>>> print(open('entry.txt').read())   # compact mmCIF, C-alpha atoms and all ligand atoms
# COMPACT_ATOMS: atom_id res chain seq x y z
CA MET A 1207 15.93 4.79 10.68
CA LEU A 1208 12.62 6.11 9.42
CA ARG A 1209 9.74 4.77 11.48
CA PHE A 1210 6.07 5.48 11.97
CA LEU A 1211 3.23 4.61 14.28
CA THR A 1212 -0.48 4.96 13.70
CA ALA A 1213 -3.23 5.25 16.30
CA GLY A 1214 -7.00 5.39 16.08
CA GLU A 1215 -10.15 3.32 15.77
CA SER A 1216 -12.54 3.14 12.83
CA HIS A 1217 -15.24 5.12 14.65
CA GLY A 1218 -13.05 6.92 17.16
CA LYS A 1219 -12.44 10.66 17.13
CA ALA A 1220 -9.47 10.61 14.77
CA LEU A 1221 -6.63 8.68 13.20
CA THR A 1222 -3.13 9.84 14.05
CA ALA A 1223 0.24 9.01 12.55
CA VAL A 1224 3.67 9.98 13.82
CA ILE A 1225 6.69 9.75 11.50
CA GLU A 1226 10.14 9.95 13.02
CA GLY A 1227 13.50 10.10 11.29
CA LEU A 1228 12.79 12.63 8.53
CA PRO A 1229 15.56 15.09 7.69
CA ALA A 1230 15.17 18.83 8.17
CA GLY A 1231 14.48 20.97 5.12
CA LEU A 1232 11.96 18.77 3.31
CA PRO A 1233 9.23 21.03 1.88
CA LEU A 1234 5.93 19.65 3.17
CA SER A 1235 2.36 20.88 3.28
CA GLU A 1236 -1.09 19.36 3.64
CA ASP A 1237 -1.50 19.83 -0.13
CA ASP A 1238 1.20 17.18 -0.63
CA ILE A 1239 -0.86 14.70 1.36
CA ASN A 1240 -4.56 15.33 0.75
CA PRO A 1241 -4.71 14.36 -2.96
CA GLN A 1242 -3.44 10.90 -1.92
CA MET A 1243 -6.19 10.67 0.72
CA VAL A 1244 -8.83 11.21 -1.98
CA ARG A 1245 -7.37 8.44 -4.13
CA ARG A 1246 -7.76 5.91 -1.29
CA GLN A 1247 -11.44 6.74 -0.92
CA LEU A 1248 -12.30 6.00 -4.56
CA GLY A 1249 -13.14 2.77 -6.39
CA TYR A 1250 -16.25 0.99 -7.53
CA GLY A 1251 -17.53 -1.34 -4.81
CA ARG A 1252 -16.67 0.82 -1.78
CA SER A 1253 -19.13 1.22 1.09
CA VAL A 1254 -21.18 4.34 1.87
CA ARG A 1255 -18.63 5.14 4.59
CA MET A 1256 -16.55 6.65 1.81
CA ASN A 1257 -19.34 9.17 1.11
CA LEU A 1258 -19.54 10.06 4.79
CA GLU A 1259 -15.83 10.79 5.20
CA THR A 1260 -13.71 13.47 3.58
CA ASP A 1261 -10.33 12.26 4.72
CA THR A 1262 -8.32 15.43 5.27
CA VAL A 1263 -4.94 15.59 6.96
CA GLU A 1264 -3.81 18.20 9.41
CA ILE A 1265 -0.05 18.43 10.01
CA ALA A 1266 0.09 18.86 13.77
CA SER A 1267 3.86 19.01 14.32
CA GLY A 1268 7.30 18.76 12.78
CA VAL A 1269 6.88 21.42 10.07
CA MET A 1270 7.74 25.14 10.29
CA GLY A 1271 7.67 27.63 7.45
CA GLY A 1272 6.59 24.89 5.06
CA GLU A 1273 9.62 22.66 5.80
CA THR A 1274 10.34 19.76 8.13
CA ILE A 1275 12.53 20.62 11.11
CA GLY A 1276 13.89 17.13 11.83
CA GLY A 1277 11.42 16.42 14.64
CA PRO A 1278 8.57 13.92 14.51
CA VAL A 1279 5.83 14.82 12.03
CA ALA A 1280 2.38 14.19 13.46
CA LEU A 1281 -0.59 13.83 11.13
CA ARG A 1282 -4.24 13.86 12.17
CA ILE A 1283 -7.32 12.76 10.23
CA GLU A 1284 -10.66 13.39 11.90
CA ASN A 1285 -13.40 10.79 11.57
CA ARG A 1286 -16.87 12.07 10.77
CA ASP A 1287 -18.63 8.83 11.62
CA VAL A 1288 -17.76 8.85 15.32
CA ARG A 1289 -19.67 6.32 17.44
CA GLU A 1290 -19.82 5.79 21.15
CA ASN A 1291 -21.88 3.43 23.29
CA GLU A 1292 -22.70 1.01 20.49
CA PRO A 1293 -24.44 -2.19 21.69
CA PRO A 1294 -22.04 -5.16 22.14
CA LEU A 1295 -21.39 -7.35 19.11
CA THR A 1296 -20.91 -11.04 19.88
CA ARG A 1297 -21.07 -12.70 16.45
CA PRO A 1298 -17.49 -12.92 15.11
CA ARG A 1299 -17.17 -12.74 11.32
CA PRO A 1300 -15.12 -15.64 9.90
CA GLY A 1301 -11.99 -14.17 8.31
CA HIS A 1302 -11.96 -10.93 10.28
CA ALA A 1303 -9.92 -10.28 13.44
CA ASP A 1304 -13.09 -10.53 15.57
CA LEU A 1305 -12.62 -13.96 17.16
CA VAL A 1306 -8.83 -13.98 17.43
CA GLY A 1307 -9.01 -10.45 18.86
CA ALA A 1308 -11.59 -11.45 21.47
CA MET A 1309 -9.54 -14.54 22.43
CA LYS A 1310 -6.24 -12.71 22.60
CA TYR A 1311 -7.37 -9.62 24.55
CA GLY A 1312 -10.16 -11.20 26.58
CA PHE A 1313 -13.06 -9.24 25.05
CA SER A 1314 -16.70 -10.28 25.27
CA ASP A 1315 -17.60 -7.55 22.73
CA VAL A 1316 -15.84 -8.04 19.39
CA ARG A 1317 -16.23 -4.32 18.64
CA ARG A 1318 -13.16 -3.76 20.80
CA ALA A 1319 -11.18 -5.83 18.31
CA LEU A 1320 -12.78 -4.75 15.05
CA GLU A 1321 -12.53 -1.03 15.74
CA ARG A 1322 -8.75 -1.14 15.59
CA ALA A 1323 -8.51 -4.06 13.16
CA SER A 1324 -10.61 -2.19 10.57
CA ALA A 1325 -9.00 -1.16 7.30
CA ARG A 1326 -9.89 2.41 8.18
CA GLU A 1327 -6.38 2.52 9.68
CA THR A 1328 -4.99 2.52 6.15
CA ALA A 1329 -6.01 6.19 5.80
CA ALA A 1330 -3.20 7.01 8.27
CA ARG A 1331 -0.76 4.88 6.27
CA VAL A 1332 -1.62 6.73 3.06
CA ALA A 1333 -0.87 10.02 4.84
CA VAL A 1334 2.51 8.65 5.95
CA GLY A 1335 3.18 7.36 2.45
CA ALA A 1336 2.49 10.80 0.99
CA VAL A 1337 5.19 12.31 3.22
CA CYS A 1338 7.65 9.58 2.17
CA ARG A 1339 6.71 10.20 -1.44
CA ARG A 1340 7.51 13.91 -0.98
CA LEU A 1341 11.07 12.93 -0.11
CA LEU A 1342 11.39 10.43 -2.96
CA THR A 1343 9.94 12.61 -5.74
CA GLY A 1344 12.75 15.11 -5.05
CA PHE A 1345 15.08 12.34 -6.26
CA SER A 1346 12.97 11.43 -9.33
CA VAL A 1347 11.34 8.34 -7.81
CA THR A 1348 7.71 7.90 -8.91
CA ILE A 1349 5.35 5.34 -7.40
CA PHE A 1350 2.03 4.21 -8.82
CA SER A 1351 -0.29 1.21 -8.78
CA HIS A 1352 -2.93 -0.53 -10.80
CA VAL A 1353 -5.34 -3.41 -10.37
CA VAL A 1354 -4.37 -6.51 -12.32
CA GLU A 1355 -7.09 -8.91 -11.17
CA ILE A 1356 -10.48 -8.84 -9.39
CA GLY A 1357 -12.56 -11.93 -8.57
CA GLY A 1358 -10.48 -14.10 -10.91
CA ILE A 1359 -10.79 -11.69 -13.86
CA ALA A 1360 -7.28 -10.66 -14.92
CA ILE A 1361 -6.14 -7.93 -17.27
CA ARG A 1362 -5.07 -9.20 -20.69
CA ASN A 1363 -3.57 -6.01 -22.06
CA ARG A 1364 -1.25 -3.52 -20.53
CA PRO A 1365 0.53 -0.57 -22.15
CA PRO A 1366 4.03 -1.26 -23.48
CA ARG A 1367 5.65 1.34 -21.24
CA TRP A 1368 5.39 1.55 -17.43
CA GLU A 1369 5.12 5.33 -17.70
CA GLU A 1370 1.73 5.00 -19.41
CA ILE A 1371 0.14 3.15 -16.49
CA PRO A 1372 -0.55 6.02 -14.05
CA GLU A 1373 -2.70 8.07 -16.43
CA LEU A 1374 -4.75 5.05 -17.51
CA ALA A 1375 -5.17 3.82 -13.93
CA GLU A 1376 -6.19 7.23 -12.57
CA ALA A 1377 -8.85 7.53 -15.29
CA SER A 1378 -10.40 4.19 -14.33
CA GLU A 1379 -12.83 3.61 -11.49
CA LEU A 1380 -11.21 0.28 -10.75
CA ARG A 1381 -7.69 1.62 -11.33
CA CYS A 1382 -7.44 -0.87 -14.21
CA VAL A 1383 -5.53 -0.22 -17.46
CA ASP A 1384 -7.48 -2.77 -19.54
CA ARG A 1385 -10.92 -1.33 -20.31
CA ASP A 1386 -12.41 -4.67 -21.38
CA ALA A 1387 -11.25 -6.42 -18.20
CA GLU A 1388 -12.49 -3.47 -16.17
CA GLU A 1389 -16.01 -3.91 -17.57
CA ARG A 1390 -15.98 -7.59 -16.63
CA MET A 1391 -14.58 -6.84 -13.17
CA ARG A 1392 -17.32 -4.26 -12.66
CA SER A 1393 -20.08 -6.76 -13.50
CA GLY A 1394 -18.35 -9.27 -11.22
CA ILE A 1395 -18.59 -6.76 -8.37
CA GLU A 1396 -22.25 -6.03 -9.20
CA ASP A 1397 -23.07 -9.76 -9.16
CA ALA A 1398 -21.20 -10.28 -5.90
CA LYS A 1399 -23.09 -7.39 -4.35
CA LYS A 1400 -26.44 -8.90 -5.41
CA ARG A 1401 -25.44 -12.20 -3.82
CA GLY A 1402 -24.32 -10.49 -0.60
CA ASP A 1403 -20.78 -11.58 -1.39
CA THR A 1404 -17.36 -9.88 -1.70
CA LEU A 1405 -14.42 -10.07 -4.13
CA GLY A 1406 -10.67 -9.95 -3.71
CA GLY A 1407 -7.96 -9.50 -6.30
CA VAL A 1408 -4.41 -8.53 -7.11
CA PHE A 1409 -2.83 -5.08 -7.30
CA GLU A 1410 0.59 -4.14 -8.57
CA VAL A 1411 2.72 -1.31 -7.21
CA VAL A 1412 5.53 0.03 -9.39
CA ALA A 1413 8.35 2.40 -8.47
CA LEU A 1414 10.42 3.99 -11.23
CA GLY A 1415 13.66 5.91 -10.82
CA VAL A 1416 14.77 3.93 -7.77
CA PRO A 1417 18.58 4.13 -7.56
CA PRO A 1418 20.50 0.85 -7.59
CA GLY A 1419 21.87 -0.27 -4.24
CA LEU A 1420 19.00 0.24 -1.77
CA GLY A 1421 18.73 -2.58 0.77
CA SER A 1422 21.51 -5.14 1.22
CA TYR A 1423 22.29 -8.83 0.73
CA VAL A 1424 24.47 -8.93 3.86
CA HIS A 1425 21.79 -9.70 6.41
CA TRP A 1426 18.23 -11.08 6.34
CA ASP A 1427 16.53 -8.04 7.79
CA ARG A 1428 18.29 -5.62 5.45
CA LYS A 1429 17.08 -7.30 2.25
CA LEU A 1430 14.79 -4.86 0.50
CA ASP A 1431 12.50 -7.50 -1.01
CA GLY A 1432 11.93 -8.95 2.47
CA ARG A 1433 11.16 -5.51 3.85
CA LEU A 1434 8.75 -4.79 1.01
CA ALA A 1435 6.98 -8.12 1.53
CA GLN A 1436 6.52 -7.45 5.24
CA ALA A 1437 5.22 -3.94 4.68
CA VAL A 1438 2.80 -4.86 1.90
CA MET A 1439 1.65 -8.07 3.61
CA SER A 1440 0.69 -5.98 6.64
CA ILE A 1441 -2.07 -4.29 4.62
CA HIS A 1442 -5.49 -5.53 5.69
CA ALA A 1443 -6.69 -8.64 3.80
CA VAL A 1444 -3.41 -9.11 1.89
CA LYS A 1445 -2.48 -12.80 1.90
CA GLY A 1446 0.32 -12.96 -0.66
CA VAL A 1447 3.11 -10.71 -1.97
CA GLU A 1448 5.55 -11.24 -4.83
CA VAL A 1449 8.38 -9.16 -6.27
CA GLY A 1450 8.22 -9.14 -10.08
CA PRO A 1451 6.69 -12.29 -11.54
CA GLY A 1452 7.80 -14.18 -8.42
CA PHE A 1453 5.55 -17.25 -8.55
CA GLU A 1454 5.52 -17.47 -12.35
CA ILE A 1455 9.32 -17.39 -12.55
CA SER A 1456 9.47 -20.42 -10.23
CA ARG A 1457 7.95 -22.47 -13.08
CA THR A 1458 10.57 -21.48 -15.69
CA PRO A 1459 14.14 -22.79 -16.13
CA GLY A 1460 17.02 -20.59 -15.00
CA SER A 1461 17.90 -19.77 -18.61
CA GLN A 1462 14.61 -17.82 -18.84
CA ALA A 1463 14.40 -16.55 -15.30
CA HIS A 1464 17.15 -13.93 -15.13
CA ASP A 1465 18.04 -10.61 -16.70
CA GLU A 1466 21.16 -10.65 -18.86
CA ILE A 1467 23.65 -7.86 -18.21
CA HIS A 1468 24.84 -5.44 -20.89
CA TYR A 1469 27.10 -2.42 -20.96
CA GLY A 1470 26.90 0.63 -23.20
CA ARG A 1471 29.03 3.78 -23.37
CA GLY A 1472 27.22 6.59 -21.59
CA LYS A 1473 24.61 4.06 -20.51
CA GLY A 1474 26.65 2.02 -18.06
CA PHE A 1475 25.39 -1.41 -17.00
CA TYR A 1476 21.86 -2.24 -18.06
CA ARG A 1477 19.44 -5.12 -18.46
CA GLU A 1478 16.87 -5.44 -21.25
CA THR A 1479 14.41 -7.47 -19.19
CA ASN A 1480 13.16 -7.06 -15.62
CA ARG A 1481 12.26 -10.58 -14.52
CA ALA A 1482 13.81 -9.81 -11.14
CA GLY A 1483 11.15 -7.15 -10.54
CA GLY A 1484 13.78 -4.60 -9.56
CA THR A 1485 15.79 -6.45 -6.89
CA GLU A 1486 18.72 -8.88 -6.98
CA GLY A 1487 20.12 -10.23 -3.73
CA GLY A 1488 17.69 -8.05 -1.80
CA VAL A 1489 19.24 -4.94 -3.39
CA THR A 1490 17.55 -2.64 -5.91
CA THR A 1491 18.89 -2.97 -9.46
CA GLY A 1492 17.83 0.47 -10.67
CA GLY A 1493 15.15 -1.14 -12.86
CA PRO A 1494 11.42 -0.75 -12.23
CA LEU A 1495 10.54 -2.11 -8.81
CA VAL A 1496 7.40 -4.23 -9.13
CA VAL A 1497 5.52 -5.52 -6.09
CA ARG A 1498 2.31 -7.48 -6.49
CA ALA A 1499 -0.11 -8.33 -3.70
CA ALA A 1500 -3.05 -10.75 -3.47
CA MET A 1501 -5.96 -9.50 -1.40
CA LYS A 1502 -8.55 -11.93 -0.07
CA PRO A 1503 -12.25 -11.09 -0.48
CA LEU A 1504 -13.39 -8.93 2.44
CA SER A 1505 -14.75 -10.91 5.35
CA THR A 1506 -17.88 -8.87 6.09
CA LEU A 1507 -20.54 -10.65 4.05
CA MET A 1508 -24.11 -9.44 3.65
CA SER A 1509 -24.99 -13.15 3.27
CA PRO A 1510 -22.97 -14.13 6.33
CA LEU A 1511 -21.06 -17.35 6.98
CA GLN A 1512 -21.55 -19.69 9.90
CA SER A 1513 -20.16 -18.61 13.25
CA VAL A 1514 -20.76 -19.02 16.99
CA ASP A 1515 -22.19 -16.44 19.40
CA LEU A 1516 -19.47 -15.58 21.92
CA ALA A 1517 -21.95 -15.21 24.80
CA THR A 1518 -24.39 -18.09 24.22
CA LYS A 1519 -22.12 -20.45 22.22
CA GLU A 1520 -25.08 -20.95 19.90
CA SER A 1521 -24.43 -21.62 16.25
CA ILE A 1522 -25.31 -18.38 14.48
CA THR A 1523 -24.19 -16.43 11.42
CA GLY A 1524 -21.42 -13.81 11.51
CA ALA A 1525 -22.32 -10.17 12.15
CA VAL A 1526 -23.56 -8.12 9.21
CA VAL A 1527 -22.14 -4.61 9.35
CA ARG A 1528 -21.60 -1.95 6.69
CA SER A 1529 -18.64 -2.82 4.47
CA ASP A 1530 -17.18 -2.70 0.98
CA VAL A 1531 -17.92 -5.32 -1.68
CA CYS A 1532 -14.44 -4.88 -3.14
CA SER A 1533 -11.63 -2.54 -2.12
CA VAL A 1534 -8.73 -3.82 -4.23
CA PRO A 1535 -8.27 -0.40 -5.99
CA ALA A 1536 -8.00 1.35 -2.60
CA ALA A 1537 -5.62 -1.34 -1.34
CA GLY A 1538 -3.37 -0.53 -4.32
CA VAL A 1539 -3.13 3.08 -3.10
CA VAL A 1540 -2.27 1.79 0.38
CA GLY A 1541 0.32 -0.50 -1.28
CA GLU A 1542 1.92 2.56 -2.88
CA ALA A 1543 2.15 4.16 0.57
CA MET A 1544 3.84 1.12 2.11
CA VAL A 1545 6.30 0.85 -0.79
CA ALA A 1546 7.00 4.59 -0.45
CA TYR A 1547 7.73 4.11 3.25
CA VAL A 1548 10.11 1.16 2.67
CA LEU A 1549 11.92 2.99 -0.12
CA ALA A 1550 12.22 6.23 1.88
CA ASP A 1551 13.58 4.25 4.83
CA ALA A 1552 16.13 2.45 2.63
CA PHE A 1553 16.96 5.72 0.87
CA LEU A 1554 17.71 7.50 4.15
CA GLU A 1555 19.72 4.51 5.30
CA LYS A 1556 21.95 4.85 2.22
CA PHE A 1557 22.11 8.62 1.82
CA GLY A 1558 20.80 9.69 5.22
CA ALA A 1559 21.80 12.89 6.90
CA ASP A 1560 20.12 15.51 9.05
CA THR A 1561 19.40 17.94 6.22
CA LEU A 1562 18.10 17.60 2.70
CA PRO A 1563 21.16 19.33 1.10
CA ASP A 1564 23.50 16.81 2.79
CA ILE A 1565 21.34 13.93 1.52
CA ARG A 1566 21.46 15.40 -1.97
CA ALA A 1567 25.24 15.67 -1.85
CA ALA A 1568 25.56 11.99 -0.79
CA TYR A 1569 23.09 10.93 -3.51
CA ASP A 1570 24.84 12.95 -6.26
CA SER A 1571 28.26 11.64 -5.30
CA TYR A 1572 27.01 8.01 -5.31
CA MET A 1573 25.25 8.41 -8.67
CA ARG A 1574 28.46 9.95 -10.12
CA ARG A 1575 30.47 6.98 -8.89
CA LEU A 1576 28.05 4.59 -10.57
CA GLN A 1577 28.33 6.49 -13.86
CA GLU A 1578 32.10 6.23 -13.71
CA MET A 1579 32.03 2.42 -13.16
C1 LIG B 1 -12.85 1.66 5.77
C2 LIG B 1 -13.76 2.00 6.72
C3 LIG B 1 -14.67 1.00 7.29
C4 LIG B 1 -15.01 -0.06 6.26
C5 LIG B 1 -13.79 -0.68 5.61
C6 LIG B 1 -12.71 0.30 5.25
O1 LIG B 1 -15.79 1.75 7.69
P1 LIG B 1 -17.16 1.16 8.31
O2 LIG B 1 -16.78 -0.07 9.07
O3 LIG B 1 -17.67 2.26 9.18
O4 LIG B 1 -18.04 0.90 7.14
O5 LIG B 1 -15.82 0.50 5.26
O6 LIG B 1 -13.19 -1.63 6.46
C7 LIG B 1 -13.30 -2.95 6.14
C8 LIG B 1 -13.73 -3.41 5.01
C9 LIG B 1 -12.89 -3.88 7.18
O7 LIG B 1 -13.14 -5.09 7.01
O8 LIG B 1 -12.33 -3.46 8.16
C10 LIG B 1 -11.91 2.64 5.19
O9 LIG B 1 -11.87 3.82 5.62
O10 LIG B 1 -11.15 2.26 4.27
>>> encode(input="entry.txt", output="structure tokens")
Amino acid sequence: MLRFLTAGESHGKALTAVIEGLPAGLPLSEDDINPQMVRRQLGYGRSVRMNLETDTVEIASGVMGGETIGGPVALRIENRDVRENEPPLTRPRPGHADLVGAMKYGFSDVRRALERASARETAARVAVGAVCRRLLTGFSVTIFSHVVEIGGIAIRNRPPRWEEIPELAEASELRCVDRDAEERMRSGIEDAKKRGDTLGGVFEVVALGVPPGLGSYVHWDRKLDGRLAQAVMSIHAVKGVEVGPGFEISRTPGSQAHDEIHYGRGKGFYRETNRAGGTEGGVTTGGPLVVRAAMKPLSTLMSPLQSVDLATKESITGAVVRSDVCSVPAAGVVGEAMVAYVLADAFLEKFGADTLPDIRAAYDSYMRRLQEM
């Protein structure tokens, strides 16, 4: 089992992640992780916090001579904007974890809830995802994301081939492959900012080169689609997750909802469509794995909503603190990290061993068996 924990508050000293269950012999350096950290900080509509931080990861344990040694890998990201002794905050923001956090843990200062509830924690997840990605890329799995909708403005055009998406998305400030939609999304964000409002949207994470057979149909908690949904739903502000065109397919008859099976010499079994989004029965098909997530508009509003002061019980507006107007592009990068983690976990479950060469041998033998089917 591959597992990870994160620790740290938004304005604490540092964020820390510990990953346990990695094999020995995986080449790993900070250079594998830091480019991913930069990607999470980008995007039009982010707050000035992103200019204050230069999220850089230090590998604190688990690596010797540039390779993992099988022990836990600890990652540390220092915060620059460290704050102590801030005055208490008693005006919970509707939609944030402020009120539920104060109720659950008995706080009179909602800062004690928001510091840990903040999406700053996703920096640690991206670091973890980069390590998982390092394992997966060695087996030709690539993971990328793009923004398909912001504030109700959806892309209308996408390139014919999945492989074209990463370059187009990386070149776009909103990680959007449709330039016309991107322009409209950008003005939507500008308008929202002027109004003191925020915007949500939808991002899509795609994994190519995933071998068939990850996950299992035999038990509810082994189904890969269920594991993906849990992992992606756990990203801050995500309120909905679908695999492939999940909700759309529910409106079509069965005759148009599935992927017909073909067989070709040298090609083996294949499907010409991917309506399943890369899983059937909770098991990967070998086709592109497509996970889409709906992110609600961020709950810190510069024109705040109605709330109640925790101390006085007076009707008052929610706290106004620094925040992003829109962070859907960054959430897509976090989505990639969570998908990378779930896939690496499922990959090690199927081919797992203590060393990378043993994993490779199990993988090669399985792929040979599939070719011979
Ligand atoms: C974030 C850091 C936070 C927020 C944002 C994401 O920093 P600060 O609170 O100091 O501005 O900018 O978090 C939220 C939007 C939220 O609601 O928690 C980051 O590093 O991504």
>>> residues_around(input="entry.txt", residues="A:Arg1481", least_positions_apart="5", cutoff="7 Å", atoms="only C-alpha atoms", output="list of chain:residue names")
A:Gly1450, A:Pro1451, A:Ala1463, A:His1464, A:Asp1465
>>> write_last_selection(input="entry.txt", atoms="C-alpha atoms", output="compact mmCIF listing (two decimals), in the coordinates of the input")
# COMPACT_ATOMS: atom_id res chain seq x y z
CA GLY A 1450 8.22 -9.14 -10.08
CA PRO A 1451 6.69 -12.29 -11.54
CA ALA A 1463 14.40 -16.55 -15.30
CA HIS A 1464 17.15 -13.93 -15.13
CA ASP A 1465 18.04 -10.61 -16.70
>>> closest_residue(input="entry.txt", among="A:Ser1324, A:Thr1260, A:Asn1285, A:Thr1518", to="ligand LIG 1 (chain B)", atoms="all atoms listed in the file")
A:Ser1324
>>> residues_around(input="entry.txt", residues="A:Gly1524", least_positions_apart="2", cutoff="10 Å", atoms="all atoms listed in the file", output="list of chain:residue names")
A:Leu1295, A:Thr1296, A:Arg1297, A:Pro1298, A:Arg1299, A:Pro1300, A:Gly1301, A:His1302, A:Asp1304, A:Ser1505, A:Thr1506, A:Leu1507, A:Met1508, A:Ser1509, A:Pro1510, A:Leu1511, A:Gln1512, A:Ser1513, A:Val1514, A:Asp1515, A:Ser1521, A:Ile1522, A:Val1526, A:Val1527
>>> write_last_selection(input="entry.txt", atoms="C-alpha atoms", output="mmCIF file, in the coordinates of the input")
data_model
loop_
_atom_site.group_PDB
_atom_site.id
_atom_site.type_symbol
_atom_site.label_atom_id
_atom_site.label_comp_id
_atom_site.auth_asym_id
_atom_site.auth_seq_id
_atom_site.Cartn_x
_atom_site.Cartn_y
_atom_site.Cartn_z
ATOM 1 C CA LEU A 1295 -21.390 -7.350 19.110
ATOM 2 C CA THR A 1296 -20.910 -11.040 19.880
ATOM 3 C CA ARG A 1297 -21.070 -12.700 16.450
ATOM 4 C CA PRO A 1298 -17.490 -12.920 15.110
ATOM 5 C CA ARG A 1299 -17.170 -12.740 11.320
ATOM 6 C CA PRO A 1300 -15.120 -15.640 9.900
ATOM 7 C CA GLY A 1301 -11.990 -14.170 8.310
ATOM 8 C CA HIS A 1302 -11.960 -10.930 10.280
ATOM 9 C CA ASP A 1304 -13.090 -10.530 15.570
ATOM 10 C CA SER A 1505 -14.750 -10.910 5.350
ATOM 11 C CA THR A 1506 -17.880 -8.870 6.090
ATOM 12 C CA LEU A 1507 -20.540 -10.650 4.050
ATOM 13 C CA MET A 1508 -24.110 -9.440 3.650
ATOM 14 C CA SER A 1509 -24.990 -13.150 3.270
ATOM 15 C CA PRO A 1510 -22.970 -14.130 6.330
ATOM 16 C CA LEU A 1511 -21.060 -17.350 6.980
ATOM 17 C CA GLN A 1512 -21.550 -19.690 9.900
ATOM 18 C CA SER A 1513 -20.160 -18.610 13.250
ATOM 19 C CA VAL A 1514 -20.760 -19.020 16.990
ATOM 20 C CA ASP A 1515 -22.190 -16.440 19.400
ATOM 21 C CA SER A 1521 -24.430 -21.620 16.250
ATOM 22 C CA ILE A 1522 -25.310 -18.380 14.480
ATOM 23 C CA VAL A 1526 -23.560 -8.120 9.210
ATOM 24 C CA VAL A 1527 -22.140 -4.610 9.350
#
>>> residues_near_ligand(input="entry.txt", ligand="ligand LIG 1 (chain B)", cutoff="7 Å", atoms="all atoms listed in the file", output="number ranges by chain")
A: 1216-1217, 1247, 1253, 1255-1256, 1302, 1323-1329, 1504-1506, 1528-1530
>>> atom_distance(input="entry.txt", atom1="atom CA of A:Pro1229", atom2="atom CA of A:Ser1571")
18.5 Å
>>> closest_residue(input="entry.txt", among="A:Ala1377, A:Met1544, A:Leu1232, A:Ile1441", to="A:Pro1563", atoms="all atoms listed in the file")
A:Leu1232
>>> atom_distance(input="entry.txt", atom1="atom CA of A:Leu1495", atom2="atom CA of A:Leu1414")
6.6 Å
>>> closest_atom_pairs(input="entry.txt", of="stretch 1436-1534 of chain A", to="stretch 1346-1349 of chain A", cutoff="12 Å", atoms="all atoms listed in the file", output="tab-separated table")
residue	atom	partner	partner_atom	distance
A:Gly1492	CA	A:Val1347	CA	10.6
A:Gly1493	CA	A:Val1347	CA	11.4
A:Pro1494	CA	A:Ile1349	CA	9.9
A:Leu1495	CA	A:Ile1349	CA	9.2
A:Val1496	CA	A:Ile1349	CA	9.9
A:Val1497	CA	A:Ile1349	CA	10.9
>>> atom_distance(input="entry.txt", atom1="atom CA of A:Ile1361", atom2="atom CA of A:Leu1380")
11.6 Å
>>> residues_around(input="entry.txt", residues="stretch 1405-1413 of chain A", least_positions_apart="2", cutoff="9 Å", atoms="only C-alpha atoms", output="VMD selection string")
chain A and resid 1347 to 1360 1368 1394 to 1395 1398 1403 1415 to 1416 1443 1484 1493 to 1504 1531 to 1535 1537 to 1539 1541 to 1542 1545 to 1546
>>> residues_around(input="entry.txt", residues="A:Ala1550", least_positions_apart="3", cutoff="12 Å", atoms="all atoms listed in the file", output="number ranges by chain")
A: 1207-1210, 1225-1229, 1334-1345, 1347-1349, 1413, 1416-1417, 1420-1421, 1430, 1433-1434, 1542-1547, 1553-1558, 1565
>>> closest_residue(input="entry.txt", among="A:Lys1445, A:His1425, A:Arg1286, A:His1468", to="A:Asn1257", atoms="all atoms listed in the file")
A:Arg1286
>>> residues_around(input="entry.txt", residues="stretch 1233-1243 of chain A", least_positions_apart="4", cutoff="7 Å", atoms="all atoms listed in the file", output="PDB file with C-alpha atoms, in the coordinates of the input")
ATOM      1  CA  GLN A1247     -11.440   6.740  -0.920  1.00  0.00           C
ATOM      2  CA  ASP A1261     -10.330  12.260   4.720  1.00  0.00           C
ATOM      3  CA  THR A1262      -8.320  15.430   5.270  1.00  0.00           C
ATOM      4  CA  VAL A1263      -4.940  15.590   6.960  1.00  0.00           C
ATOM      5  CA  GLU A1264      -3.810  18.200   9.410  1.00  0.00           C
ATOM      6  CA  ILE A1265      -0.050  18.430  10.010  1.00  0.00           C
ATOM      7  CA  GLY A1272       6.590  24.890   5.060  1.00  0.00           C
ATOM      8  CA  GLU A1273       9.620  22.660   5.800  1.00  0.00           C
ATOM      9  CA  THR A1274      10.340  19.760   8.130  1.00  0.00           C
ATOM     10  CA  ALA A1329      -6.010   6.190   5.800  1.00  0.00           C
ATOM     11  CA  VAL A1332      -1.620   6.730   3.060  1.00  0.00           C
ATOM     12  CA  ALA A1333      -0.870  10.020   4.840  1.00  0.00           C
ATOM     13  CA  ALA A1336       2.490  10.800   0.990  1.00  0.00           C
ATOM     14  CA  VAL A1337       5.190  12.310   3.220  1.00  0.00           C
TER      15      VAL A1337
END
>>> closest_residue(input="entry.txt", among="A:Gly1251, A:Gly1307, A:Gly1271, A:Gly1214", to="A:Val1288", atoms="all atoms listed in the file")
A:Gly1214
>>> closest_residue(input="entry.txt", among="A:Val1306, A:Met1391, A:Ala1482, A:Thr1404", to="A:Gly1460", atoms="all atoms listed in the file")
A:Ala1482
>>> closest_residue(input="entry.txt", among="A:Val1438, A:Cys1382, A:Ala1330, A:Leu1562", to="A:Glu1215", atoms="all atoms listed in the file")
A:Ala1330
